[in-house]
>>> print(open('model-v5.cif').read())   # mmCIF, C-alpha atoms and all ligand atoms
data_input
loop_
_atom_site.label_atom_id
_atom_site.label_comp_id
_atom_site.auth_asym_id
_atom_site.auth_seq_id
_atom_site.Cartn_x
_atom_site.Cartn_y
_atom_site.Cartn_z
CA MET A 1 91.08 91.31 89.16
CA LYS A 2 90.13 88.25 91.19
CA TYR A 3 89.21 88.68 94.86
CA SER A 4 88.34 85.11 95.82
CA VAL A 5 90.97 82.72 97.04
CA ASP A 6 92.89 80.60 94.48
CA GLU A 7 93.44 76.83 94.82
CA ASN A 8 96.68 77.37 96.73
CA GLY A 9 95.02 79.64 99.23
CA PHE A 10 96.26 82.97 97.87
CA TYR A 11 94.56 86.32 97.36
CA GLY A 12 96.95 87.89 94.87
CA LYS A 13 100.28 87.46 96.63
CA PHE A 14 98.79 87.21 100.12
CA GLY A 15 97.64 84.16 102.05
CA GLY A 16 98.96 80.62 101.71
CA ALA A 17 99.63 78.14 104.51
CA TYR A 18 103.01 78.69 106.17
CA VAL A 19 102.77 76.09 108.93
CA PRO A 20 105.30 73.93 110.74
CA GLU A 21 105.51 70.40 109.35
CA MET A 22 103.84 68.98 112.47
CA LEU A 23 100.68 70.96 111.68
CA PHE A 24 100.53 70.06 108.03
CA PRO A 25 98.21 67.00 108.43
CA ASN A 26 95.63 69.01 110.43
CA VAL A 27 95.55 71.89 107.99
CA GLU A 28 95.48 69.50 105.04
CA GLU A 29 92.55 67.54 106.51
CA LEU A 30 90.61 70.75 106.81
CA ARG A 31 91.58 71.98 103.34
CA GLU A 32 90.46 68.75 101.73
CA ASN A 33 87.11 68.68 103.51
CA TYR A 34 85.77 72.15 104.27
CA LEU A 35 84.08 72.94 100.95
CA LYS A 36 82.71 69.43 100.59
CA ILE A 37 81.20 69.38 104.09
CA MET A 38 79.85 72.92 103.81
CA ALA A 39 78.01 71.96 100.62
CA GLU A 40 76.26 68.94 102.16
CA PRO A 41 72.49 69.48 102.45
CA ASP A 42 72.27 68.23 106.05
CA PHE A 43 75.13 70.54 107.07
CA GLN A 44 73.39 73.50 105.46
CA GLU A 45 70.09 72.55 107.03
CA GLU A 46 71.54 72.29 110.54
CA MET A 47 73.50 75.52 110.16
CA GLN A 48 70.57 77.49 108.75
CA SER A 49 68.22 76.34 111.48
CA LEU A 50 70.73 77.29 114.21
CA LEU A 51 71.40 80.68 112.59
CA ARG A 52 67.67 81.32 112.51
CA ASP A 53 66.45 79.98 115.85
CA TYR A 54 69.55 80.18 118.06
CA VAL A 55 71.53 83.15 116.74
CA GLY A 56 68.48 85.18 115.68
CA ARG A 57 69.09 85.63 111.94
CA PRO A 58 68.36 87.33 109.67
CA THR A 59 69.52 90.40 111.56
CA PRO A 60 67.57 93.54 110.67
CA LEU A 61 68.76 96.18 108.23
CA TYR A 62 67.70 99.37 109.97
CA PHE A 63 67.30 102.77 108.30
CA ALA A 64 68.91 105.21 110.76
CA LYS A 65 66.79 108.30 110.17
CA ARG A 66 68.37 110.77 112.57
CA LEU A 67 71.92 109.69 111.71
CA SER A 68 71.02 110.05 108.01
CA GLU A 69 69.68 113.56 108.59
CA LYS A 70 72.87 114.56 110.37
CA TYR A 71 75.11 113.40 107.49
CA ASN A 72 72.64 114.31 104.73
CA THR A 73 72.67 110.87 103.13
CA ASN A 74 70.86 107.51 103.57
CA ILE A 75 72.43 105.37 106.27
CA TYR A 76 71.41 101.79 107.00
CA LEU A 77 72.76 99.76 109.92
CA LYS A 78 73.21 96.00 109.53
CA ARG A 79 72.35 94.89 113.06
CA GLU A 80 74.94 92.20 113.88
CA ASP A 81 74.81 93.58 117.43
CA LEU A 82 71.47 91.80 117.80
CA ASN A 83 72.97 88.33 117.35
CA HIS A 84 73.11 85.97 120.33
CA THR A 85 76.29 86.83 122.33
CA GLY A 86 76.23 90.37 120.95
CA ALA A 87 78.35 90.36 117.79
CA HIS A 88 79.00 88.74 114.41
CA LYS A 89 81.50 86.25 115.83
CA ILE A 90 78.90 83.56 116.48
CA ASN A 91 78.16 83.23 112.73
CA ASN A 92 81.63 81.73 112.39
CA THR A 93 81.73 79.61 115.55
CA ILE A 94 78.40 77.96 114.65
CA GLY A 95 79.79 77.03 111.24
CA GLN A 96 83.11 75.75 112.53
CA ILE A 97 81.67 73.69 115.38
CA LEU A 98 79.40 71.86 112.93
CA LEU A 99 82.43 71.22 110.73
CA ALA A 100 84.46 69.96 113.72
CA LYS A 101 81.68 67.50 114.62
CA ARG A 102 81.57 66.13 111.08
CA LEU A 103 85.35 65.66 111.18
CA GLY A 104 84.83 63.56 114.32
CA LYS A 105 86.70 65.97 116.65
CA THR A 106 85.88 65.93 120.35
CA ARG A 107 88.09 68.66 121.78
CA ILE A 108 87.83 72.34 120.74
CA ILE A 109 90.54 74.97 121.22
CA ALA A 110 90.46 78.69 120.50
CA GLU A 111 92.42 81.87 121.10
CA THR A 112 90.87 85.10 122.31
CA GLY A 113 91.91 88.69 122.93
CA ALA A 114 89.01 90.69 124.33
CA GLY A 115 87.20 87.44 125.02
CA GLN A 116 84.44 87.89 122.42
CA HIS A 117 85.58 85.00 120.25
CA GLY A 118 86.26 82.95 123.40
CA VAL A 119 82.68 83.52 124.56
CA ALA A 120 81.26 82.69 121.11
CA THR A 121 83.31 79.48 121.07
CA ALA A 122 82.44 78.48 124.65
CA THR A 123 78.78 79.09 123.76
CA VAL A 124 78.71 76.69 120.81
CA CYS A 125 80.74 74.11 122.78
CA ALA A 126 78.12 74.17 125.54
CA LEU A 127 75.44 73.80 122.87
CA MET A 128 77.19 70.80 121.31
CA ASN A 129 78.51 69.31 124.55
CA LEU A 130 82.17 69.46 123.46
CA GLU A 131 85.22 70.11 125.61
CA CYS A 132 86.44 73.71 125.20
CA ILE A 133 89.87 75.18 125.96
CA VAL A 134 90.41 78.90 125.36
CA TYR A 135 93.91 80.43 125.36
CA MET A 136 94.03 84.01 126.55
CA GLY A 137 96.92 86.34 127.43
CA GLU A 138 97.42 86.96 131.15
CA VAL A 139 97.08 90.69 130.62
CA ASP A 140 93.79 90.22 128.76
CA ILE A 141 92.44 87.89 131.46
CA GLU A 142 92.87 90.74 133.89
CA ARG A 143 91.46 93.42 131.53
CA GLN A 144 88.42 91.40 130.42
CA ALA A 145 87.17 89.79 133.62
CA PRO A 146 83.44 89.69 132.67
CA ASN A 147 84.17 87.65 129.53
CA VAL A 148 86.42 85.28 131.50
CA ALA A 149 83.52 84.78 133.90
CA ARG A 150 81.16 84.06 130.98
CA MET A 151 83.53 81.47 129.51
CA ASN A 152 83.94 79.75 132.89
CA MET A 153 80.20 79.76 133.40
CA LEU A 154 79.72 78.15 129.98
CA GLY A 155 82.04 75.34 131.07
CA ALA A 156 85.18 76.31 129.14
CA THR A 157 88.70 76.12 130.55
CA VAL A 158 90.53 79.43 130.16
CA VAL A 159 94.30 78.87 129.95
CA PRO A 160 96.53 81.90 130.59
CA ALA A 161 99.26 82.63 128.03
CA ALA A 162 102.21 83.96 129.99
CA SER A 163 104.78 84.48 127.24
CA GLY A 164 105.67 87.67 125.32
CA SER A 165 103.33 90.59 125.85
CA LYS A 166 100.75 88.19 127.36
CA THR A 167 98.07 89.29 124.86
CA LEU A 168 96.33 87.96 121.71
CA LYS A 169 99.32 86.97 119.59
CA ASP A 170 100.79 85.02 122.52
CA ALA A 171 97.45 83.27 123.09
CA THR A 172 97.44 82.36 119.39
CA ASN A 173 100.94 80.89 119.68
CA GLU A 174 99.79 78.75 122.64
CA ALA A 175 96.74 77.52 120.73
CA ILE A 176 98.92 76.52 117.78
CA ARG A 177 101.26 74.66 120.15
CA ASP A 178 98.30 72.78 121.64
CA TRP A 179 97.07 71.82 118.16
CA ILE A 180 100.50 70.44 117.22
CA ASN A 181 100.47 68.29 120.37
CA ASN A 182 96.90 67.01 119.90
CA PRO A 183 96.46 66.48 116.17
CA GLU A 184 93.99 63.57 116.38
CA ASP A 185 91.04 64.72 118.47
CA THR A 186 91.40 68.51 118.47
CA TYR A 187 89.83 71.16 116.25
CA TYR A 188 91.11 74.77 116.35
CA ILE A 189 88.35 77.38 115.88
CA ILE A 190 90.09 80.54 114.61
CA GLY A 191 88.09 83.71 115.24
CA SER A 192 88.81 85.87 112.20
CA VAL A 193 89.83 85.72 108.53
CA VAL A 194 93.44 85.04 109.53
CA GLY A 195 95.67 81.97 109.87
CA PRO A 196 96.76 79.44 107.24
CA HIS A 197 94.58 78.52 104.26
CA PRO A 198 91.76 77.42 104.39
CA TYR A 199 90.85 79.46 107.50
CA PRO A 200 90.58 82.92 105.88
CA ASP A 201 88.33 81.59 103.10
CA MET A 202 86.30 79.38 105.42
CA VAL A 203 85.65 82.15 107.97
CA ALA A 204 84.77 84.60 105.15
CA ARG A 205 82.22 82.09 103.83
CA PHE A 206 80.63 81.67 107.26
CA GLN A 207 80.41 85.46 107.66
CA ALA A 208 79.16 85.99 104.09
CA VAL A 209 75.60 85.51 105.38
CA ILE A 210 75.86 89.21 106.35
CA SER A 211 76.08 90.52 102.77
CA GLU A 212 73.75 87.81 101.47
CA GLU A 213 71.01 89.14 103.76
CA MET A 214 71.97 92.75 103.05
CA LYS A 215 71.34 92.32 99.32
CA ALA A 216 67.82 91.01 99.76
CA GLN A 217 67.03 93.60 102.45
CA LEU A 218 68.36 96.50 100.36
CA LEU A 219 66.40 95.34 97.33
CA GLU A 220 63.24 95.43 99.39
CA LYS A 221 63.96 98.79 101.02
CA THR A 222 65.66 100.77 98.24
CA GLY A 223 64.83 98.91 95.04
CA SER A 224 68.46 97.91 94.46
CA GLU A 225 70.65 95.16 95.92
CA ASN A 226 73.64 97.47 95.72
CA PRO A 227 74.39 100.33 98.10
CA ASP A 228 76.95 103.01 97.20
CA TYR A 229 79.11 102.23 100.23
CA VAL A 230 79.61 99.31 102.61
CA VAL A 231 81.58 100.31 105.69
CA ALA A 232 83.04 97.94 108.31
CA CYS A 233 85.75 98.00 110.97
CA VAL A 234 88.76 95.71 110.58
CA GLY A 235 90.66 93.91 113.30
CA GLY A 236 91.54 90.62 111.62
CA GLY A 237 88.77 91.43 109.17
CA SER A 238 85.96 88.89 109.57
CA ASN A 239 82.95 91.18 109.91
CA ALA A 240 84.26 93.28 107.01
CA ALA A 241 84.87 90.15 104.91
CA GLY A 242 81.27 89.07 105.56
CA ALA A 243 79.84 92.50 104.75
CA PHE A 244 81.95 92.84 101.57
CA TYR A 245 81.74 89.23 100.35
CA HIS A 246 78.88 89.39 97.85
CA TYR A 247 79.99 92.81 96.60
CA LEU A 248 83.63 92.03 95.87
CA ASP A 249 83.00 91.72 92.14
CA THR A 250 80.61 94.69 91.97
CA PRO A 251 82.99 97.64 91.52
CA GLU A 252 80.24 100.27 91.72
CA VAL A 253 79.80 99.35 95.41
CA LYS A 254 82.60 101.13 97.30
CA LEU A 255 84.05 99.03 100.12
CA VAL A 256 85.41 100.94 103.11
CA ALA A 257 87.60 99.16 105.68
CA VAL A 258 88.20 101.06 108.90
CA GLU A 259 91.20 100.38 111.11
CA ALA A 260 92.12 101.63 114.56
CA ALA A 261 94.62 104.50 114.59
CA GLY A 262 94.84 104.26 118.39
CA LEU A 263 96.46 107.44 119.73
CA GLY A 264 97.33 108.45 116.15
CA ILE A 265 99.07 106.79 113.22
CA ASP A 266 102.47 108.32 114.00
CA SER A 267 102.17 108.02 117.78
CA GLY A 268 103.78 104.59 118.08
CA GLU A 269 100.49 103.49 119.71
CA SER A 270 98.37 102.34 116.77
CA ALA A 271 96.86 99.34 115.00
CA ALA A 272 96.52 100.85 111.49
CA THR A 273 98.09 97.92 109.68
CA SER A 274 97.35 99.07 106.12
CA VAL A 275 99.33 102.27 106.73
CA LEU A 276 102.06 100.97 109.05
CA GLY A 277 102.35 97.35 107.95
CA LYS A 278 104.79 95.65 105.61
CA GLU A 279 104.56 92.26 103.97
CA GLY A 280 105.44 89.39 106.22
CA ILE A 281 104.19 86.11 107.64
CA ILE A 282 102.11 85.91 110.80
CA HIS A 283 100.12 82.98 112.16
CA GLY A 284 100.49 80.94 109.00
CA SER A 285 99.77 83.41 106.22
CA ARG A 286 101.55 86.03 104.15
CA THR A 287 99.92 89.38 104.74
CA LEU A 288 100.52 92.96 105.86
CA LEU A 289 101.74 93.23 109.42
CA MET A 290 103.29 95.79 111.71
CA GLN A 291 106.92 94.91 112.26
CA THR A 292 110.30 96.41 113.05
CA GLU A 293 113.14 96.75 110.50
CA ASP A 294 114.40 93.28 111.43
CA GLY A 295 110.97 91.66 111.20
CA GLN A 296 109.92 91.53 114.87
CA VAL A 297 106.15 91.91 115.25
CA THR A 298 105.31 95.34 116.69
CA GLU A 299 102.91 95.54 119.63
CA PRO A 300 99.69 97.10 118.32
CA TYR A 301 97.53 99.47 120.35
CA SER A 302 93.86 100.44 120.24
CA ILE A 303 91.33 101.35 122.93
CA SER A 304 89.25 98.56 121.41
CA ALA A 305 90.64 95.11 122.19
CA GLY A 306 88.96 93.60 119.12
CA LEU A 307 90.97 95.81 116.73
CA ASP A 308 94.22 95.44 118.66
CA TYR A 309 95.92 92.99 116.22
CA PRO A 310 99.25 93.57 114.43
CA GLY A 311 98.08 92.17 111.06
CA VAL A 312 95.03 91.96 108.80
CA GLY A 313 93.72 88.91 106.99
CA PRO A 314 95.22 88.21 103.54
CA LEU A 315 91.97 89.12 101.74
CA HIS A 316 92.19 92.62 103.20
CA ALA A 317 95.89 92.94 102.34
CA HIS A 318 94.87 92.15 98.76
CA LEU A 319 91.89 94.55 98.81
CA HIS A 320 94.26 97.26 100.05
CA GLN A 321 97.00 96.59 97.56
CA SER A 322 94.65 96.26 94.59
CA GLY A 323 92.76 99.41 95.58
CA ARG A 324 89.41 97.53 95.64
CA ALA A 325 88.72 98.74 99.18
CA ILE A 326 89.28 102.20 100.66
CA PHE A 327 91.12 102.08 104.00
CA GLU A 328 90.51 104.65 106.73
CA SER A 329 91.88 104.85 110.25
CA ILE A 330 90.12 106.30 113.25
CA THR A 331 91.63 107.33 116.61
CA ASP A 332 90.42 106.29 120.07
CA GLU A 333 88.94 109.77 120.60
CA GLU A 334 87.06 109.79 117.28
CA ALA A 335 85.65 106.33 118.05
CA LEU A 336 84.46 107.43 121.49
CA GLN A 337 82.68 110.44 119.97
CA ALA A 338 80.97 108.10 117.50
CA VAL A 339 79.78 105.88 120.37
CA LEU A 340 78.04 108.83 121.97
CA GLU A 341 76.66 110.06 118.64
CA LEU A 342 74.96 106.76 117.76
CA THR A 343 73.72 106.34 121.32
CA ARG A 344 72.08 109.76 121.42
CA LEU A 345 70.77 109.86 117.84
CA GLU A 346 69.49 106.31 117.50
CA GLY A 347 69.32 104.80 121.00
CA ILE A 348 71.87 102.12 120.12
CA ILE A 349 75.06 101.70 122.20
CA PRO A 350 77.68 100.21 119.85
CA ALA A 351 80.83 98.24 120.64
CA LEU A 352 84.07 100.22 120.56
CA GLU A 353 85.23 98.28 117.49
CA THR A 354 82.04 99.14 115.61
CA ALA A 355 82.36 102.81 116.58
CA HIS A 356 85.44 103.03 114.35
CA ALA A 357 83.27 102.24 111.33
CA LEU A 358 80.67 104.78 112.44
CA ALA A 359 83.32 107.48 112.86
CA ALA A 360 84.27 107.10 109.20
CA ILE A 361 80.82 108.20 107.90
CA GLY A 362 81.84 111.85 107.78
CA ARG A 363 84.85 111.01 105.61
CA LEU A 364 82.91 109.27 102.83
CA GLY A 365 81.59 112.33 101.08
CA ALA A 366 78.32 110.46 100.46
CA LYS A 367 75.71 112.42 98.48
CA PRO A 368 72.09 113.01 99.62
CA GLU A 369 70.70 110.40 97.21
CA GLU A 370 73.37 107.77 97.98
CA VAL A 371 73.00 104.71 100.22
CA VAL A 372 75.53 103.81 102.92
CA VAL A 373 75.46 100.53 104.86
CA ILE A 374 77.41 100.40 108.11
CA ASN A 375 78.02 96.92 109.47
CA LEU A 376 77.12 97.27 113.14
CA SER A 377 79.42 94.44 114.23
CA GLY A 378 78.59 94.39 117.94
CA ARG A 379 76.85 95.91 120.93
CA GLY A 380 78.50 98.01 123.61
CA ASP A 381 77.61 96.11 126.80
CA LYS A 382 81.14 94.71 127.06
CA ASP A 383 82.58 98.24 126.86
CA LEU A 384 80.42 99.92 129.51
CA ALA A 385 83.29 100.14 132.00
CA THR A 386 85.38 102.02 129.42
CA TYR A 387 82.48 104.32 128.57
CA LEU A 388 81.83 105.11 132.22
CA ASP A 389 85.50 105.82 132.69
CA ARG A 390 85.86 108.05 129.61
CA PHE A 391 82.60 110.01 129.54
CA ASN A 392 81.57 112.44 132.19
CA PHE A 393 77.80 112.16 132.15
CA ASP A 394 77.19 114.48 135.11
CA GLY A 395 73.93 112.73 135.70
CA LYS A 396 72.50 113.53 132.25
C1 LIG A 401 86.11 90.87 117.36
C2 LIG A 401 85.31 92.04 116.93
C3 LIG A 401 85.69 92.83 115.82
C4 LIG A 401 86.97 92.63 115.07
O1 LIG A 401 87.11 91.39 114.44
P1 LIG A 401 86.99 91.21 112.86
O2 LIG A 401 87.47 89.84 112.62
O3 LIG A 401 87.87 92.25 112.23
O4 LIG A 401 85.57 91.42 112.50
C5 LIG A 401 84.85 93.86 115.43
N1 LIG A 401 83.71 94.15 116.11
C6 LIG A 401 83.32 93.43 117.18
C7 LIG A 401 82.06 93.79 117.88
C8 LIG A 401 84.11 92.35 117.63
O5 LIG A 401 83.71 91.63 118.71
#
>>> encode(input="model-v5.cif", output="structure tokens", more="lines below")
Ligand SMILES: *Cc1c(COP(=O)(O)O)cnc(C)c1O
Amino acid sequence: MKYSVDENGFYGKFGGAYVPEMLFPNVEELRENYLKIMAEPDFQEEMQSLLRDYVGRPTPLYFAKRLSEKYNTNIYLKREDLNHTGAHKINNTIGQILLAKRLGKTRIIAETGAGQHGVATATVCALMNLECIVYMGEVDIERQAPNVARMNMLGATVVPAASGSKTLKDATNEAIRDWINNPEDTYYIIGSVVGPHPYPDMVARFQAVISEEMKAQLLEKTGSENPDYVVACVGGGSNAAGAFYHYLDTPEVKLVAVEAAGLGIDSGESAATSVLGKEGIIHGSRTLLMQTEDGQVTEPYSISAGLDYPGVGPLHAHLHQSGRAIFESITDEEALQAVLELTRLEGIIPALETAHALAAIGRLGAKPEEVVVINLSGRGDKDLATYLDRFNFDGK
């Protein structure tokens, strides 16, 4: 079985580039150039030096002793939460902004849901002195005020998307519309392994630094590059794609993708795409997505805005269908318990998205001698208001 993308942009039967004719030249320009530019020595040099000195890579691989004792196995945390801006998303925006510059683009657009990708994009635009426009649903602008403030402070223009449910998929539609209208000077930075080919492959390659570092760090700490399990949460699937990338063709490493069950898989308020989704086309690629009988996209739900997406990237649809990855889903309540558990056992407050991956540890059945790596995709600062609202600390 082949897990990398083929020359037409497919992972098995998923992927491709289903774009309106008006967008074809933009997508084609990118497809023709991305691998070539990414392979250039001066591109690699600039990217590596920014990842090291600006983002703070390599991120540590931390042996979580008390968490390991609790689950009677060996748990390592890949600390993407320690990246500049607090999550893995900047690995991708650094890569894409350097690509945009080499394509001669002067205007950057992006979509954002919770605002994390918007902040990561506004950050690299400030760094590179490029104009930045971020589309965001009106509802999300209200829910995620601190991130809107960050983007404004970084000099980005946040444009409200007022159509549909006024959330992420509507913001994405607005960004695509903008791109169609400004094909010459504009580059669209997509924030996950979704969208038309070559985006899923390109974003996976920019995030693959996660598993590249993991291999060297595991070799040093355990004597083997390969753990028994790699566990990551999946919204669109970029942090998971990065954590899985260099293990895709190593079947003895079990890959575990964790989705948000929301209030429960059968509650009607969920984002567990692998369970609830059917094949369809969303935002330019064929993948699994949550939809009604007549093909209308279903509104997803999760307490965590970063997992609140009705599809998954085509790589993950393929990993699910081929059985290469194990898919789990975790409810809001289980994720919240995992937040508190990591906080109290290890002194690390994780993002709500990340907590879904942590909550799956107990389901692995990992043995005492086995090694589990959890990709700690982000820190919990952005979720403090939710935590204060949901937990009753009673002053302790
Ligand atoms: C955005 C986000 C996610 C979900 O996005 P993926 O593309 O699935 O990785 C997960 N964790 C954090 C901390 C995020 O900000």
>>> residues_around(input="model-v5.cif", residues="range 132-135 of chain A", least_positions_apart="5", cutoff="9 Å", atoms="all atoms listed in the file", output="mmCIF file with C-alpha atoms, in the coordinates of the input")
data_model
loop_
_atom_site.group_PDB
_atom_site.id
_atom_site.type_symbol
_atom_site.label_atom_id
_atom_site.label_comp_id
_atom_site.auth_asym_id
_atom_site.auth_seq_id
_atom_site.Cartn_x
_atom_site.Cartn_y
_atom_site.Cartn_z
ATOM 1 C CA ARG A 107 88.090 68.660 121.780
ATOM 2 C CA ILE A 108 87.830 72.340 120.740
ATOM 3 C CA ILE A 109 90.540 74.970 121.220
ATOM 4 C CA ALA A 110 90.460 78.690 120.500
ATOM 5 C CA GLU A 111 92.420 81.870 121.100
ATOM 6 C CA THR A 112 90.870 85.100 122.310
ATOM 7 C CA GLY A 113 91.910 88.690 122.930
ATOM 8 C CA GLY A 118 86.260 82.950 123.400
ATOM 9 C CA THR A 121 83.310 79.480 121.070
ATOM 10 C CA ALA A 122 82.440 78.480 124.650
ATOM 11 C CA CYS A 125 80.740 74.110 122.780
ATOM 12 C CA ALA A 126 78.120 74.170 125.540
ATOM 13 C CA MET A 151 83.530 81.470 129.510
ATOM 14 C CA GLY A 155 82.040 75.340 131.070
ATOM 15 C CA ALA A 156 85.180 76.310 129.140
ATOM 16 C CA THR A 157 88.700 76.120 130.550
ATOM 17 C CA VAL A 158 90.530 79.430 130.160
ATOM 18 C CA VAL A 159 94.300 78.870 129.950
ATOM 19 C CA PRO A 160 96.530 81.900 130.590
ATOM 20 C CA ALA A 161 99.260 82.630 128.030
ATOM 21 C CA LEU A 168 96.330 87.960 121.710
ATOM 22 C CA ASP A 170 100.790 85.020 122.520
ATOM 23 C CA ALA A 171 97.450 83.270 123.090
ATOM 24 C CA THR A 172 97.440 82.360 119.390
ATOM 25 C CA GLU A 174 99.790 78.750 122.640
ATOM 26 C CA ALA A 175 96.740 77.520 120.730
#
>>> closest_atom_pairs(input="model-v5.cif", of="chain A", to="ligand LIG 401 (chain A)", cutoff="6 Å", atoms="only C-alpha atoms and all ligand atoms", output="Markdown table")
| residue | atom | partner | partner_atom | distance |
| --- | --- | --- | --- | --- |
| A:Ala87 | CA | A:LIG401 | C7 | 5.1 |
| A:Gln116 | CA | A:LIG401 | O5 | 5.3 |
| A:Ser192 | CA | A:LIG401 | O2 | 4.2 |
| A:Val234 | CA | A:LIG401 | O3 | 3.9 |
| A:Gly235 | CA | A:LIG401 | O3 | 3.4 |
| A:Gly236 | CA | A:LIG401 | O3 | 4.1 |
| A:Gly237 | CA | A:LIG401 | O3 | 3.3 |
| A:Ser238 | CA | A:LIG401 | O2 | 3.5 |
| A:Asn239 | CA | A:LIG401 | O4 | 3.7 |
| A:Ala240 | CA | A:LIG401 | O4 | 5.9 |
| A:Gly306 | CA | A:LIG401 | C1 | 4.3 |
| A:Leu307 | CA | A:LIG401 | C4 | 5.4 |
| A:Ala351 | CA | A:LIG401 | C7 | 5.4 |
| A:Glu353 | CA | A:LIG401 | N1 | 4.6 |
| A:Thr354 | CA | A:LIG401 | N1 | 5.3 |
| A:Ser377 | CA | A:LIG401 | C7 | 4.6 |
| A:Gly378 | CA | A:LIG401 | C7 | 3.5 |
>>> atom_distance(input="model-v5.cif", atom1="CA of Arg143 in chain A", atom2="CA of Asn375 in chain A")
26.1 Å
>>> atom_distance(input="model-v5.cif", atom1="CA of Thr85 in chain A", atom2="CA of Gly262 in chain A")
25.8 Å
>>> residues_around(input="model-v5.cif", residues="Ser68 in chain A", least_positions_apart="6", cutoff="10 Å", atoms="all atoms listed in the file", output="compact mmCIF listing (two decimals) with C-alpha atoms, in the coordinates of the input")
# COMPACT_ATOMS: atom_id res chain seq x y z
CA ASN A 74 70.86 107.51 103.57
CA ILE A 75 72.43 105.37 106.27
CA TYR A 76 71.41 101.79 107.00
CA LEU A 345 70.77 109.86 117.84
CA ILE A 361 80.82 108.20 107.90
CA PRO A 368 72.09 113.01 99.62
CA VAL A 371 73.00 104.71 100.22
CA VAL A 372 75.53 103.81 102.92
>>> residues_near_point(input="model-v5.cif", point="(68.7, 99.1, 93.8)", cutoff="12 Å", atoms="only C-alpha atoms", output="list in words")
Met214, Lys215, Ala216, Gln217, Leu218, Leu219, Glu220, Lys221, Thr222, Gly223, Ser224, Glu225, Asn226, Pro227, Asp228, Glu252, Val253, Glu369, Glu370 and Val371 of chain A
>>> closest_residue(input="model-v5.cif", among="A:Ala241, A:Ala357, A:Glu328, A:Glu293", to="Tyr3 in chain A", atoms="only C-alpha atoms")
A:Ala241
>>> residues_near_point(input="model-v5.cif", point="(70.8, 103.9, 111.9)", cutoff="6 Å", atoms="all atoms listed in the file", output="VMD selection string")
chain A and resid 62 to 64 67 76 to 77
>>> write_last_selection(input="model-v5.cif", atoms="C-alpha atoms", output="JSON list (two decimals), in the coordinates of the input")
[["chain", "number", "residue", "atom", "x", "y", "z"],
["A", 62, "TYR", "CA", 67.70, 99.37, 109.97],
["A", 63, "PHE", "CA", 67.30, 102.77, 108.30],
["A", 64, "ALA", "CA", 68.91, 105.21, 110.76],
["A", 67, "LEU", "CA", 71.92, 109.69, 111.71],
["A", 76, "TYR", "CA", 71.41, 101.79, 107.00],
["A", 77, "LEU", "CA", 72.76, 99.76, 109.92]]
>>> atom_distance(input="model-v5.cif", atom1="CA of Thr59 in chain A", atom2="CA of Ile374 in chain A")
13.2 Å
>>> residues_around(input="model-v5.cif", residues="Ala325 in chain A", least_positions_apart="6", cutoff="8 Å", atoms="only C-alpha atoms", output="JSON, numbers by chain")
{"A": [254, 255, 256, 257, 319]}
>>> closest_residue(input="model-v5.cif", among="A:Leu358, A:Ala305, A:Leu289, A:Leu342", to="Gly137 in chain A", atoms="all atoms listed in the file")
A:Ala305
>>> closest_residue(input="model-v5.cif", among="A:Asp185, A:Asp81, A:Asp201, A:Glu213", to="Leu35 in chain A", atoms="all atoms listed in the file")
A:Asp201
>>> axis_aligned_box(input="model-v5.cif", around="range 110-123 of chain A", padding_each_side="8 Å", output="JSON")
{"center_x": 85.6, "center_y": 84.6, "center_z": 122.6, "size_x": 29.6, "size_y": 28.2, "size_z": 20.8}
>>> residues_around(input="model-v5.cif", residues="Ser211 in chain A", least_positions_apart="6", cutoff="9 Å", atoms="only C-alpha atoms", output="list in words")
Gly242, Ala243, Phe244, Tyr245, His246 and Tyr247 of chain A
>>> decode(input="model-v5.cif", residues="range 173-199 of chain A", atoms="C-alpha atoms", output="CSV table (one decimal), in the first residue's frame")
chain,number,residue,atom,x,y,z
A,173,ASN,CA,-15.4,30.0,1.0
A,174,GLU,CA,-14.7,33.7,1.3
A,175,ALA,CA,-11.0,33.1,1.0
A,176,ILE,CA,-11.4,31.0,-2.1
A,177,ARG,CA,-13.6,33.8,-3.6
A,178,ASP,CA,-10.9,36.4,-2.9
A,179,TRP,CA,-8.2,34.2,-4.5
A,180,ILE,CA,-10.4,33.8,-7.7
A,181,ASN,CA,-10.7,37.6,-7.9
A,182,ASN,CA,-7.0,38.3,-7.3
A,183,PRO,CA,-5.1,35.6,-9.1
A,184,GLU,CA,-1.9,37.6,-9.9
A,185,ASP,CA,-0.6,39.0,-6.7
A,186,THR,CA,-2.3,36.8,-4.0
A,187,TYR,CA,-1.1,33.7,-2.3
A,188,TYR,CA,-3.6,31.6,-0.2
A,189,ILE,CA,-2.0,30.0,2.9
A,190,ILE,CA,-4.2,27.1,3.8
A,191,GLY,CA,-3.8,26.0,7.5
A,192,SER,CA,-4.2,22.2,7.4
A,193,VAL,CA,-3.7,19.2,5.1
A,194,VAL,CA,-6.9,20.0,3.3
A,195,GLY,CA,-7.8,21.8,0.0
A,196,PRO,CA,-6.9,21.0,-3.6
A,197,HIS,CA,-3.7,19.2,-4.5
A,198,PRO,CA,-0.9,20.2,-3.9
A,199,TYR,CA,-1.9,21.7,-0.5
